[in-house]
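Participant: Sharing a structure with you now.
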Amino acid sequence: MERDDTEPDPDARWLTAALDVAFLLLLGGALVRLLTHGRAEGARSAWVLALFLAFGALYLLGRLTAPAPRHGERPTVRHLVWLGAVLALWLVLLALEPSATWCTMPLLFTGLHRLPVRLAVPLAAVLVLLVVVSEVRIASGGFNPNLVIAPVALGTVATAVLVHGRRLITRQRLLIGDLVRARGELAASERHAGILAERQRLSAEIHDILAQSLSSQQMLLQAAQRHWRTEPDTAHTHVRSAAATADRALAEVRRFVRDLAPLDLAENSLVTALRGLAERDGAPGPAVEFRLDAAPGRPGPLPGTVEAALLRVTQQALANAREHAGASRAVVTLTCLEDRITVDIADDGCGFDVRGVPRRARAAERGHGLPVMRMRAREAGGSLTVESAPDEGTVVTMAVPFATGDTGWGTP
């Protein structure tokens with residue numbers, strides 16, 4: 001998007017005012033010279049005075065009724081007619097009164113200020129040539145080279161300065177247009193990146209809420225199906241557990257729709273939520289033990305994003321241990337140190353080759369677990385490490401650092 005050229009330009013206003021003031025001053029000087037040196041000529045001086053006054057009135061009237069074109073616009077017919085009339089009257093005065101040459105500079109700037117360069121430069125050349133001819137015509141004594149050199153030099157400088165200014169304005173407008181377009185493209189890129197990040201975050205939330213809950217329900221219902229005939233009481237217990245899991249998932253979904261905050265943290269502290277998570281995930285699947293390694297009163301209040309990330313990573317790691325590792329035991333350890341807080345989830349499952357996860361995950365159309373956990377750790381300003389080997393279990397560790405002796409949390 002380029003700048004609208006119809007917007008008022010304060011610089012153009014003061015420049016136009018300066019040109020008008022200069023014209024009036026020089027016109028006043030010409031009138032004074034005429035009144036002081038032309039009294040002897042009588043009627044002729046009266047006609048010249050009338051022409052000077054008409055010249056000034058025409059100049060000012062055109063400024064009001066035939067304004068100059070804005071930058072980048074073509075001059076109107078009215079403006080060209082006015083400019084031609086002013087120049088024609090000036091030519092008549094130049095032939096009658098030498099002091100009319102003093103009005104050349106304002107006219108020169110007027111022609112160059114807003115006219116296209118292809119029209120302004122020839123106009124300036126013609127004005128300078130007429131001034132030189134007039135000065136040479138009325139010169140007395142020997143030839144004075146300054147009568148030719150001075151008008152040409154002044155006209156050249158004026159033309160060069162104003163043409164350079166016009167080109168600078170054009171380049172500036174092009175640059176502003178490029179900057180505005182770049183800003184628009186950057187804003188669009190940031191919006192696109194924000195949309196992608198929000199979609200990824202929502203995908204992680206839905207995965208944590210629904211996928212884990214459905215996985216637990218599936219295992220409970222499968223266990224109930226196996227014991228339905230032989231151990232009806234156990235089967236009914238599994239069905240009730242599945243129903244409770246479904247109820248809790250429904251509450252999570254409603255909470256997610258409302259404010260996207262984990263329901264466990266809305267009702268309890270992080271320690272209570274992790275302890276309840278361990279007890280809730282104890283059957284079926286691995287037996288989960290929760291340990292707290294912290295000084296009394298720790299951990300203190302944590303940012304909501306940090307608590308949510310620690311809880312979600314723990315949930316995902318336990319879901320992986322239950323669904324994929326076939327673990328019989330898992331230990332969740334929350335450790336509060338002076339410069340960081342960590343959560344470790346260790347299981348005695350089958351383990352896996354960490355280096356082969358991306359390939360196998362793509363092959364199995366999986367891969368939400370570990371990437372989502374790493375994303376959550378990064379968003380909380382921490383890091384995630386996974387240590388595992390075939391038949392040696394798995395340890396998932398999330399650590400979030402913070403400044404020693406400070407409540408401020410920063411990215412590592």
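Ordering of the structure tokens sets the chain letters (A, B, ...), residue numbers begin anew at 1 in every chain, and ligands are numbered from 1 in the order given.
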Which residues, written as a list of chain:residue names, have at least one atom at most 9 Å from Ser99 (chain A), with only C-alpha atoms counted and residues fewer than 5 positions away on the same chain left out?
Facilitator: A:Leu27, A:Gly29, A:Ala30, A:Leu31, A:Arg33, A:Leu34, A:Leu93, A:Leu94
Participant: Write out as number ranges by chain the residues lying within 10 Å of Glu387 (chain A), counting only C-alpha atoms and excluding same-chain residues fewer than 3 positions away.
Facilitator: A: 346, 351-354, 392-397
Participant: Of the candidates A:Gln222, A:Thr335, A:Ala309, A:Val121, which one gets nearest to Ala160 (chain A) if we count only C-alpha atoms?
Facilitator: A:Val121
Participant: Can you pull out every residue within 7 Å of Leu26 (chain A), counting only C-alpha atoms, but drop anything in the same chain fewer than 4 positions away, and send it as JSON, numbers by chain?
Facilitator: {"A": [22, 30, 102, 103]}
Participant: Calculated over only C-alpha atoms, which of the candidates A:Leu49, A:Asp233, A:Val81, A:Leu58 has the smallest distance to Ala100 (chain A)?
Facilitator: A:Leu49
